[in-house]
Amino acid sequence: MTRIARGLAATALVATALGGCHHAPRTTADRPVAIVTGAEAVGASIVVSAAGRSGPVPAGDMRTALAPLLAARVLDQPEGPTSYGLDHPQARLEYTTASNRPVVVLVGAPDFDRHFLYVGREGDRRVFLVPAAVLRRVLALVGVTVAAPS
Amino acid sequence: MRGLAAMMVAIGVVVAANVAAYGHDTQVDVSVAHRFTLSPETRALVRAVHAPLRIRAFLASHGGAADDARFLLSRYTELNSRIRFSVVDPDAHPGEARRFGITRYASVVLTYRGRRVDAPDAEELEISTAILRLLRGHVRSVCVLTGHGEPALDDTAPDGLSAVADLLRHNAYEPRDLDLSTSSIVPKDCAAVIVAGPTDPLLPAEVQALDAYTKADGRLMVLATPTSRADPNPLIASWGVRFTGGLVIDPARSENLDTANVIVERFPSASPVDAGVSRLQLPAGGGLFVAVPPDRPGLSVARLALASGRSFVETRPDTEIDFDGLDIPGPVLVAAAADDSRVAAGETGVPGRSGARIERTRVVVAGDVAFVTNRFLDHLSNARFLLNGINWLTEEEQLLATTSRPSADRPLPFTPERQTRVLAVTVGAVPGAIVGIGLVPALVRRLRRRRR
C-alpha cells in the first residue's frame, strides 16, 4: 500500500469516527426516582393531612406504597408551582424519620389525563409525577377524592 | 511526506464539503416507500396554506414518539414557512394542555385563521387530513344509498366499504347512509350521492327521487356491477352514459390469468378526475358507452378510463369467455364523467340581482364497484380515482390528504402484456446481447485478418 493510500485510509477512518459522534440531547428524566428514599422511610411515621384533617397512615399496603415514595417521572425544569397545583396543595404527607427529621411531601393537582398526581418535596425544586393509584387510598383517609383517569 | 499531504488534502475536502453542505438543506430519500418524505398530495396541500398555521403536538417530550413527530412536522415547515409547530409535553406544561382541552397523549391541535381542527395522531395522514379540513373550513356530507344489498360503509370485511368511509373522513367529507325507502327526498345537505353496487333493483319511487335530485343541481356517483339485478341506466342515461352490462375481459392487461380482473392504463380525458391516476384495477366490471343526445348542448361527457385495445365486453359471461360476434369490441370504456350546465330562469342567488342562473349537474359512472371495496381500494390508483371523482362532483379543489397510509408494498400487476415483455427481455434480449458481445471479438479478429 502506498503512503498516499494509507493517508487516505487514515483520513477516512477519522472522518467516519467523527461522523459517528452523537451527543444525545438532555431530556426530562423519565426514570423512577425516589421522592422519599427507603433509608428515610425506614422506621418513619407518616401523617397525611388535608383541609384541617389529618391522620397517620396505617401499616400495611398503604404504608408500603409510600415508603419509599417513588415517582414515575421527574420534571427537572418545571414551571412555577401554580402550574402543578403545588402552590395550594390538596394534601401533604409528613414523614418523621427515625432520626426525628421531618420530610414534607406536597400533593398537587392531577396531570392532564389524571393518571398521575404532581408531587413536590419541600426544599426540592423538582416536580414529580406519582401514579394516582398509589395515593388514592391514602388521600381518601382525609376526605380527598382523586378522580379516575379520563 | 506525500502521505501527509494527501491526508491534509482529504481533510480539506471533507471540511469544505461539510461547510458547503451546512448552508443547504437538500435531502434524498432512498427508502423503498419514501417513508421520510411527504407524499405528493401532502406537498400540494401544504403549498395551499396562505396564512399562519400552527401545529401543537401534545406528546411526552422524551422518547421516540416526540422525535418522530418533530421529524415529520419539520418536513411540513420546510415546505411552507407559514407552518410552525411545537411539541408540547402535557405533563410538563399542564396549563397549555388544559387550555386546549387535551386529555390524551398524541393529540395534535392545528389552528388556522381562527379555526381549530384536532388530529388524533402525529402521523402524516392525520395531520394532512386536519390541514385539509382547516383549508376547506367545512365538512360536507356524502350520502351512500343503502337498502338494496350494497356493500356497507361500516363493513370491515374485504367486500365492505369501511375503507371508503375512512378515506372520505380523511378528506373532509362525512359519509353517511341514505335510505330512500323511508324518505322519498334526498336530503339537501348531501353534497354528493353514491350509488355503490346495489344488487337488488331500486324501487320506482327511489329512482324518481334520485332522478329529481340529480336534475336539480345534483351530484351523483354510480358504481355499477354486472353481477346485479339492478339496472343503473335509469339513473345515468339522461346524462349521456349507458351501462352495457356483461363482463369486461382484457386479455392484454389483466391481473395474472384472470382476464376479468382488468388493469386500466388509458386515461384519455383531461378531466380532474383522472389527475394523478396512473393505473386502476377493476375486477369483474361491466362496460359503458357514451350516447349524448344531440339536443343537449350543455351536456359534455368525458371518457375517464379505457381498457386496452384488446378488451371486449363478454355479453354471456356465464357460458363462455371468448370474443365472438355477440360481444362488444374494445377498447371498452369503464368510467365516464358527465357535466350538464343549463341556464335556468329564476333568482341568481346573488343579492340585488335577478334573472337567469346556471344549474349544473355532475355525474360520475364506473362499470365496477369492487374496485372501491376494502379488498381493492388501496390497489394502484383506485383510492385516488374515487376521491378525485368525489372532489369533482362537489366542486372542491383537487386537494387531497394522502389517499392511504404509506405501505411497503409496491404492487406491479403482472399483466399478459408485461409477461410478453419480460419474456422478450429474458429469453431474447439478454441472451442475444451476451452472444452478441461474445461475437464482437471474433468479428474484430476476422476483420483484422482480412485487412492483413
# chains A, B, ... in the order shown; residues from 1 in each chain; ligands from 1

call {"tool": "closest_atom_pairs", "arguments": {"of": "chain B", "to": "chain A", "cutoff": "6 Å", "atoms": "only C-alpha atoms", "output": "tab-separated table"}}
result
residue	atom	partner	partner_atom	distance
B:Gly3	CA	A:Ile4	CA	4.2
B:Ala6	CA	A:Ile4	CA	5.8
B:Met7	CA	A:Gly7	CA	4.9
B:His62	CA	A:Thr27	CA	5.9
B:Thr103	CA	A:Asp113	CA	4.9
B:Arg104	CA	A:Asp113	CA	5.9

call {"tool": "write_last_selection", "arguments": {"atoms": "N, CA and C atoms", "output": "PDB file, in the first residue's frame"}}
result
ATOM      1  N   GLY B   3       2.198  11.140   1.872  1.00  0.00           N
ATOM      2  CA  GLY B   3       1.012  10.602   2.564  1.00  0.00           C
ATOM      3  C   GLY B   3       0.370  11.667   3.425  1.00  0.00           C
ATOM      4  N   ALA B   6      -1.458  14.112   1.288  1.00  0.00           N
ATOM      5  CA  ALA B   6      -2.722  13.553   0.800  1.00  0.00           C
ATOM      6  C   ALA B   6      -3.777  13.605   1.886  1.00  0.00           C
ATOM      7  N   MET B   7      -3.324  13.295   3.130  1.00  0.00           N
ATOM      8  CA  MET B   7      -4.263  13.318   4.248  1.00  0.00           C
ATOM      9  C   MET B   7      -4.812  14.735   4.456  1.00  0.00           C
ATOM     10  N   HIS B  62     -39.820  13.374  25.771  1.00  0.00           N
ATOM     11  CA  HIS B  62     -38.734  12.426  25.572  1.00  0.00           C
ATOM     12  C   HIS B  62     -39.307  11.219  24.843  1.00  0.00           C
ATOM     13  N   THR B 103     -56.761  15.605  26.711  1.00  0.00           N
ATOM     14  CA  THR B 103     -56.978  14.570  27.718  1.00  0.00           C
ATOM     15  C   THR B 103     -56.249  13.282  27.372  1.00  0.00           C
ATOM     16  N   ARG B 104     -55.510  13.278  26.289  1.00  0.00           N
ATOM     17  CA  ARG B 104     -54.744  12.072  25.950  1.00  0.00           C
ATOM     18  C   ARG B 104     -53.477  12.455  25.199  1.00  0.00           C
TER      19      ARG B 104
END

call {"tool": "select_by_dssp", "arguments": {"residues": "segment 5-150 of chain A", "states": "alpha helix (DSSP H)", "output": "PyMOL selection string"}}
result
chain A and resi 5-20+38-41+61-66+132-140

call {"tool": "closest_residue", "arguments": {"among": "B:Arg421, B:Arg54, B:Arg310, B:Arg449", "to": "Pro331 of chain B", "atoms": "only C-alpha atoms"}}
result
B:Arg310

call {"tool": "atom_distance", "arguments": {"atom1": "atom CA of Pro58 of chain A", "atom2": "atom CA of Asp87 of chain A"}}
result
27.4 Å

call {"tool": "closest_residue", "arguments": {"among": "A:Ala72, A:Met62, A:Val36, A:Leu139", "to": "Val48 of chain A", "atoms": "only C-alpha atoms"}}
result
A:Leu139

call {"tool": "atom_distance", "arguments": {"atom1": "atom CA of Lys188 of chain B", "atom2": "atom CA of Ser141 of chain B"}}
result
9.8 Å

call {"tool": "select_by_dssp", "arguments": {"residues": "segment 73-119 of chain A", "states": "strand (DSSP E)", "output": "list in words"}}
result
Arg73, Val74, Leu75, Ala91, Arg92, Leu93, Glu94, Tyr95, Thr96, Pro102, Val103, Val104, Val105, Leu106, Val107, Gly108, Ala109, Pro110, Phe116, Leu117, Tyr118 and Val119 of chain A

call {"tool": "write_last_selection", "arguments": {"atoms": "N, CA and C atoms", "output": "PDB file, in the first residue's frame"}}
result
ATOM      1  N   ARG A  73     -42.074   9.782  37.041  1.00  0.00           N
ATOM      2  CA  ARG A  73     -41.404  10.748  36.170  1.00  0.00           C
ATOM      3  C   ARG A  73     -40.977  11.953  36.971  1.00  0.00           C
ATOM      4  N   VAL A  74     -39.924  12.579  36.545  1.00  0.00           N
ATOM      5  CA  VAL A  74     -39.425  13.770  37.229  1.00  0.00           C
ATOM      6  C   VAL A  74     -39.317  14.910  36.227  1.00  0.00           C
ATOM      7  N   LEU A  75     -39.804  16.071  36.621  1.00  0.00           N
ATOM      8  CA  LEU A  75     -39.613  17.262  35.792  1.00  0.00           C
ATOM      9  C   LEU A  75     -38.463  18.041  36.406  1.00  0.00           C
ATOM     10  N   ALA A  91     -53.115  18.094  49.521  1.00  0.00           N
ATOM     11  CA  ALA A  91     -52.798  17.285  50.708  1.00  0.00           C
ATOM     12  C   ALA A  91     -51.292  17.333  50.950  1.00  0.00           C
ATOM     13  N   ARG A  92     -50.893  16.947  52.163  1.00  0.00           N
ATOM     14  CA  ARG A  92     -49.464  16.839  52.421  1.00  0.00           C
ATOM     15  C   ARG A  92     -49.181  15.578  53.225  1.00  0.00           C
ATOM     16  N   LEU A  93     -48.020  15.018  52.953  1.00  0.00           N
ATOM     17  CA  LEU A  93     -47.579  13.832  53.682  1.00  0.00           C
ATOM     18  C   LEU A  93     -46.359  14.258  54.493  1.00  0.00           C
ATOM     19  N   GLU A  94     -46.437  13.995  55.794  1.00  0.00           N
ATOM     20  CA  GLU A  94     -45.298  14.383  56.624  1.00  0.00           C
ATOM     21  C   GLU A  94     -44.655  13.130  57.184  1.00  0.00           C
ATOM     22  N   TYR A  95     -43.427  12.899  56.755  1.00  0.00           N
ATOM     23  CA  TYR A  95     -42.653  11.762  57.252  1.00  0.00           C
ATOM     24  C   TYR A  95     -41.800  12.271  58.423  1.00  0.00           C
ATOM     25  N   THR A  96     -41.812  11.542  59.520  1.00  0.00           N
ATOM     26  CA  THR A  96     -40.843  11.838  60.592  1.00  0.00           C
ATOM     27  C   THR A  96     -39.896  10.642  60.673  1.00  0.00           C
ATOM     28  N   PRO A 102     -37.990  15.786  59.882  1.00  0.00           N
ATOM     29  CA  PRO A 102     -39.228  15.800  59.109  1.00  0.00           C
ATOM     30  C   PRO A 102     -38.953  15.911  57.599  1.00  0.00           C
ATOM     31  N   VAL A 103     -39.715  15.157  56.837  1.00  0.00           N
ATOM     32  CA  VAL A 103     -39.688  15.268  55.371  1.00  0.00           C
ATOM     33  C   VAL A 103     -41.123  15.544  54.935  1.00  0.00           C
ATOM     34  N   VAL A 104     -41.333  16.681  54.263  1.00  0.00           N
ATOM     35  CA  VAL A 104     -42.700  17.057  53.878  1.00  0.00           C
ATOM     36  C   VAL A 104     -42.876  16.909  52.370  1.00  0.00           C
ATOM     37  N   VAL A 105     -43.918  16.193  52.012  1.00  0.00           N
ATOM     38  CA  VAL A 105     -44.252  15.971  50.599  1.00  0.00           C
ATOM     39  C   VAL A 105     -45.606  16.620  50.321  1.00  0.00           C
ATOM     40  N   LEU A 106     -45.643  17.470  49.278  1.00  0.00           N
ATOM     41  CA  LEU A 106     -46.883  18.162  48.935  1.00  0.00           C
ATOM     42  C   LEU A 106     -47.539  17.470  47.739  1.00  0.00           C
ATOM     43  N   VAL A 107     -48.831  17.267  47.817  1.00  0.00           N
ATOM     44  CA  VAL A 107     -49.563  16.616  46.730  1.00  0.00           C
ATOM     45  C   VAL A 107     -50.377  17.683  46.008  1.00  0.00           C
ATOM     46  N   GLY A 108     -50.071  17.856  44.730  1.00  0.00           N
ATOM     47  CA  GLY A 108     -50.736  18.906  43.939  1.00  0.00           C
ATOM     48  C   GLY A 108     -51.876  18.367  43.100  1.00  0.00           C
ATOM     49  N   ALA A 109     -52.028  18.944  41.929  1.00  0.00           N
ATOM     50  CA  ALA A 109     -53.164  18.628  41.051  1.00  0.00           C
ATOM     51  C   ALA A 109     -52.891  17.349  40.264  1.00  0.00           C
ATOM     52  N   PRO A 110     -53.949  16.770  39.728  1.00  0.00           N
ATOM     53  CA  PRO A 110     -53.733  15.652  38.798  1.00  0.00           C
ATOM     54  C   PRO A 110     -53.163  16.166  37.484  1.00  0.00           C
ATOM     55  N   PHE A 116     -51.724  10.579  36.850  1.00  0.00           N
ATOM     56  CA  PHE A 116     -50.693  10.901  37.844  1.00  0.00           C
ATOM     57  C   PHE A 116     -51.103  12.122  38.656  1.00  0.00           C
ATOM     58  N   LEU A 117     -50.459  12.267  39.796  1.00  0.00           N
ATOM     59  CA  LEU A 117     -50.593  13.493  40.595  1.00  0.00           C
ATOM     60  C   LEU A 117     -49.220  14.152  40.662  1.00  0.00           C
ATOM     61  N   TYR A 118     -49.245  15.488  40.609  1.00  0.00           N
ATOM     62  CA  TYR A 118     -47.990  16.217  40.771  1.00  0.00           C
ATOM     63  C   TYR A 118     -47.636  16.249  42.252  1.00  0.00           C
ATOM     64  N   VAL A 119     -46.398  15.988  42.520  1.00  0.00           N
ATOM     65  CA  VAL A 119     -45.931  15.923  43.904  1.00  0.00           C
ATOM     66  C   VAL A 119     -44.625  16.701  44.015  1.00  0.00           C
TER      67      VAL A 119
END

call {"tool": "atom_distance", "arguments": {"atom1": "atom CA of Ile102 of chain B", "atom2": "atom CA of Val87 of chain B"}}
result
13.2 Å

call {"tool": "closest_residue", "arguments": {"among": "B:Ile328, B:Val164, B:Ile263, B:Leu180", "to": "Arg375 of chain B", "atoms": "only C-alpha atoms"}}
result
B:Val164

call {"tool": "closest_residue", "arguments": {"among": "A:Ala148, A:Asn100, A:Arg125, A:Ala133", "to": "Gly80 of chain A", "atoms": "only C-alpha atoms"}}
result
A:Arg125

call {"tool": "closest_residue", "arguments": {"among": "A:Thr145, A:Gly55, A:Pro81, A:Arg101", "to": "His93 of chain B", "atoms": "only C-alpha atoms"}}
result
A:Pro81

call {"tool": "residues_around", "arguments": {"residues": "Gly101 of chain B", "least_positions_apart": "6", "cutoff": "12 Å", "atoms": "only C-alpha atoms", "output": "number ranges by chain"}}
result
A: 112-113, 150; B: 58, 90, 94-95, 107-109, 118

call {"tool": "write_last_selection", "arguments": {"atoms": "N, CA and C atoms", "output": "CSV table (one decimal), in the first residue's frame"}}
result
chain,number,residue,atom,x,y,z
A,112,PHE,N,-52.7,16.0,33.1
A,112,PHE,CA,-53.8,16.2,32.1
A,112,PHE,C,-54.7,15.1,31.9
A,113,ASP,N,-54.2,13.8,32.1
A,113,ASP,CA,-55.2,12.7,31.8
A,113,ASP,C,-55.5,12.0,33.1
A,150,SER,N,-59.1,9.9,32.8
A,150,SER,CA,-60.1,10.1,31.7
A,150,SER,C,-59.9,9.0,30.7
B,58,PHE,N,-49.1,17.3,21.3
B,58,PHE,CA,-49.0,17.0,22.7
B,58,PHE,C,-48.5,15.6,22.9
B,90,PRO,N,-47.5,17.5,27.7
B,90,PRO,CA,-48.6,17.9,28.6
B,90,PRO,C,-48.4,17.7,30.0
B,94,PRO,N,-48.9,21.6,31.9
B,94,PRO,CA,-50.3,21.2,32.1
B,94,PRO,C,-51.2,22.4,31.7
B,95,GLY,N,-50.7,23.6,31.9
B,95,GLY,CA,-51.6,24.8,31.6
B,95,GLY,C,-52.0,24.8,30.2
B,107,SER,N,-52.3,13.8,21.0
B,107,SER,CA,-53.3,14.8,20.4
B,107,SER,C,-52.5,15.8,19.7
B,108,VAL,N,-53.0,16.2,18.5
B,108,VAL,CA,-52.3,17.3,17.7
B,108,VAL,C,-53.4,18.3,17.4
B,109,VAL,N,-53.1,19.6,17.8
B,109,VAL,CA,-54.1,20.6,17.6
B,109,VAL,C,-53.5,21.6,16.5
B,118,ASP,N,-58.5,19.1,15.4
B,118,ASP,CA,-57.6,18.2,16.1
B,118,ASP,C,-57.3,17.0,15.3

call {"tool": "residues_around", "arguments": {"residues": "Arg176 of chain B", "least_positions_apart": "5", "cutoff": "10 Å", "atoms": "only C-alpha atoms", "output": "PyMOL selection string"}}
result
chain B and resi 141-146+153-154+165+190+193

call {"tool": "write_last_selection", "arguments": {"atoms": "all heavy atoms", "output": "CSV table (one decimal), in the first residue's frame"}}
result
chain,number,residue,atom,x,y,z
B,141,SER,N,-71.2,16.4,3.6
B,141,SER,CA,-71.8,15.0,3.7
B,141,SER,C,-71.8,14.4,2.3
B,141,SER,O,-72.2,15.0,1.4
B,141,SER,CB,-73.2,15.1,4.2
B,141,SER,OG,-73.2,15.4,5.6
B,142,VAL,N,-71.4,13.1,2.3
B,142,VAL,CA,-71.5,12.3,1.1
B,142,VAL,C,-72.5,11.2,1.5
B,142,VAL,O,-72.2,10.4,2.5
B,142,VAL,CB,-70.1,11.7,0.7
B,142,VAL,CG1,-70.3,10.7,-0.4
B,142,VAL,CG2,-69.3,12.9,0.2
B,143,CYS,N,-73.6,11.1,0.8
B,143,CYS,CA,-74.6,10.1,1.2
B,143,CYS,C,-74.5,8.9,0.3
B,143,CYS,O,-74.4,9.0,-0.9
B,143,CYS,CB,-76.0,10.8,1.0
B,143,CYS,SG,-76.2,12.3,2.0
B,144,VAL,N,-74.5,7.7,1.0
B,144,VAL,CA,-74.3,6.5,0.2
B,144,VAL,C,-75.6,5.7,0.3
B,144,VAL,O,-76.1,5.4,1.5
B,144,VAL,CB,-73.2,5.7,0.9
B,144,VAL,CG1,-72.9,4.4,0.1
B,144,VAL,CG2,-71.9,6.5,0.8
B,145,LEU,N,-76.2,5.4,-0.8
B,145,LEU,CA,-77.5,4.7,-0.8
B,145,LEU,C,-77.4,3.3,-0.2
B,145,LEU,O,-76.4,2.6,-0.5
B,145,LEU,CB,-78.0,4.6,-2.3
B,145,LEU,CG,-79.4,4.1,-2.5
B,145,LEU,CD1,-80.4,5.1,-2.0
B,145,LEU,CD2,-79.7,3.7,-3.9
B,146,THR,N,-78.4,3.0,0.6
B,146,THR,CA,-78.4,1.6,1.2
B,146,THR,C,-79.8,1.0,1.0
B,146,THR,O,-80.7,1.6,0.5
B,146,THR,CB,-78.2,1.7,2.7
B,146,THR,OG1,-79.3,2.5,3.3
B,146,THR,CG2,-76.9,2.3,3.1
B,153,LEU,N,-70.9,0.9,4.5
B,153,LEU,CA,-69.8,1.8,4.9
B,153,LEU,C,-69.1,1.3,6.2
B,153,LEU,O,-68.0,1.6,6.4
B,153,LEU,CB,-70.4,3.2,5.2
B,153,LEU,CG,-70.7,4.0,4.0
B,153,LEU,CD1,-71.4,5.3,4.4
B,153,LEU,CD2,-69.4,4.4,3.2
B,154,ASP,N,-69.9,0.6,7.1
B,154,ASP,CA,-69.3,0.2,8.3
B,154,ASP,C,-68.8,-1.3,8.3
B,154,ASP,O,-68.4,-1.9,9.3
B,154,ASP,CB,-70.2,0.4,9.5
B,154,ASP,CG,-71.5,-0.4,9.3
B,154,ASP,OD1,-71.7,-1.0,8.2
B,154,ASP,OD2,-72.4,-0.4,10.2
B,165,ALA,N,-65.2,4.8,3.7
B,165,ALA,CA,-65.6,5.7,4.8
B,165,ALA,C,-64.4,6.4,5.4
B,165,ALA,O,-64.4,7.6,5.6
B,165,ALA,CB,-66.4,4.9,5.9
B,190,CYS,N,-76.8,16.6,1.4
B,190,CYS,CA,-75.9,15.7,0.7
B,190,CYS,C,-75.2,16.4,-0.4
B,190,CYS,O,-75.7,16.7,-1.4
B,190,CYS,CB,-76.8,14.5,0.1
B,190,CYS,SG,-77.5,13.4,1.3
B,193,VAL,N,-74.2,12.1,-3.8
B,193,VAL,CA,-74.8,10.8,-3.5
B,193,VAL,C,-74.0,9.7,-4.3
B,193,VAL,O,-73.7,9.8,-5.4
B,193,VAL,CB,-76.3,10.7,-3.9
B,193,VAL,CG1,-76.9,9.3,-3.8
B,193,VAL,CG2,-77.1,11.7,-3.1

call {"tool": "residues_around", "arguments": {"residues": "Val332 of chain B", "least_positions_apart": "4", "cutoff": "12 Å", "atoms": "only C-alpha atoms", "output": "ChimeraX atom specification"}}
result
/B:243-250,262-267,285-290,303-314,327-328,336,366-367

call {"tool": "write_last_selection", "arguments": {"atoms": "C-alpha atoms", "output": "tab-separated table (two decimals), in the first residue's frame"}}
result
chain	number	residue	atom	x	y	z
B	243	PHE	CA	-74.13	0.69	-18.84
B	244	THR	CA	-73.74	-2.24	-21.24
B	245	GLY	CA	-73.83	-4.97	-18.62
B	246	GLY	CA	-71.75	-8.03	-19.48
B	247	LEU	CA	-68.23	-8.52	-18.19
B	248	VAL	CA	-65.16	-6.60	-19.32
B	249	ILE	CA	-62.44	-9.00	-20.43
B	250	ASP	CA	-58.95	-7.81	-21.22
B	262	VAL	CA	-58.73	-5.66	-15.59
B	263	ILE	CA	-55.80	-3.26	-15.22
B	264	VAL	CA	-56.64	0.07	-16.81
B	265	GLU	CA	-53.81	2.25	-18.08
B	266	ARG	CA	-55.57	4.56	-20.56
B	267	PHE	CA	-56.99	7.80	-19.22
B	285	GLY	CA	-66.62	-4.82	-14.05
B	286	GLY	CA	-69.04	-4.03	-16.83
B	287	GLY	CA	-68.68	-1.71	-19.81
B	288	LEU	CA	-70.10	1.70	-20.55
B	289	PHE	CA	-70.78	3.65	-23.68
B	290	VAL	CA	-71.41	7.30	-24.32
B	303	ARG	CA	-64.25	9.26	-21.17
B	304	LEU	CA	-62.28	8.79	-17.98
B	305	ALA	CA	-60.85	5.29	-18.30
B	306	LEU	CA	-60.48	2.79	-21.13
B	307	ALA	CA	-59.36	-0.81	-21.08
B	308	SER	CA	-56.79	-1.88	-23.69
B	309	GLY	CA	-57.50	-2.24	-27.41
B	310	ARG	CA	-57.80	-6.00	-26.98
B	311	SER	CA	-60.50	-5.72	-24.35
B	312	PHE	CA	-64.13	-6.58	-25.03
B	313	VAL	CA	-67.40	-6.89	-23.20
B	314	GLU	CA	-68.38	-10.53	-22.87
B	327	ASP	CA	-69.66	-9.42	-27.75
B	328	ILE	CA	-68.86	-5.71	-27.76
B	336	ALA	CA	-67.07	8.33	-17.52
B	366	ALA	CA	-67.89	3.43	-13.29
B	367	GLY	CA	-68.81	-0.01	-14.54

call {"tool": "closest_residue", "arguments": {"among": "A:Val33, A:Leu135, A:Ala41, A:Leu86", "to": "Glu122 of chain A", "atoms": "only C-alpha atoms"}}
result
A:Leu86
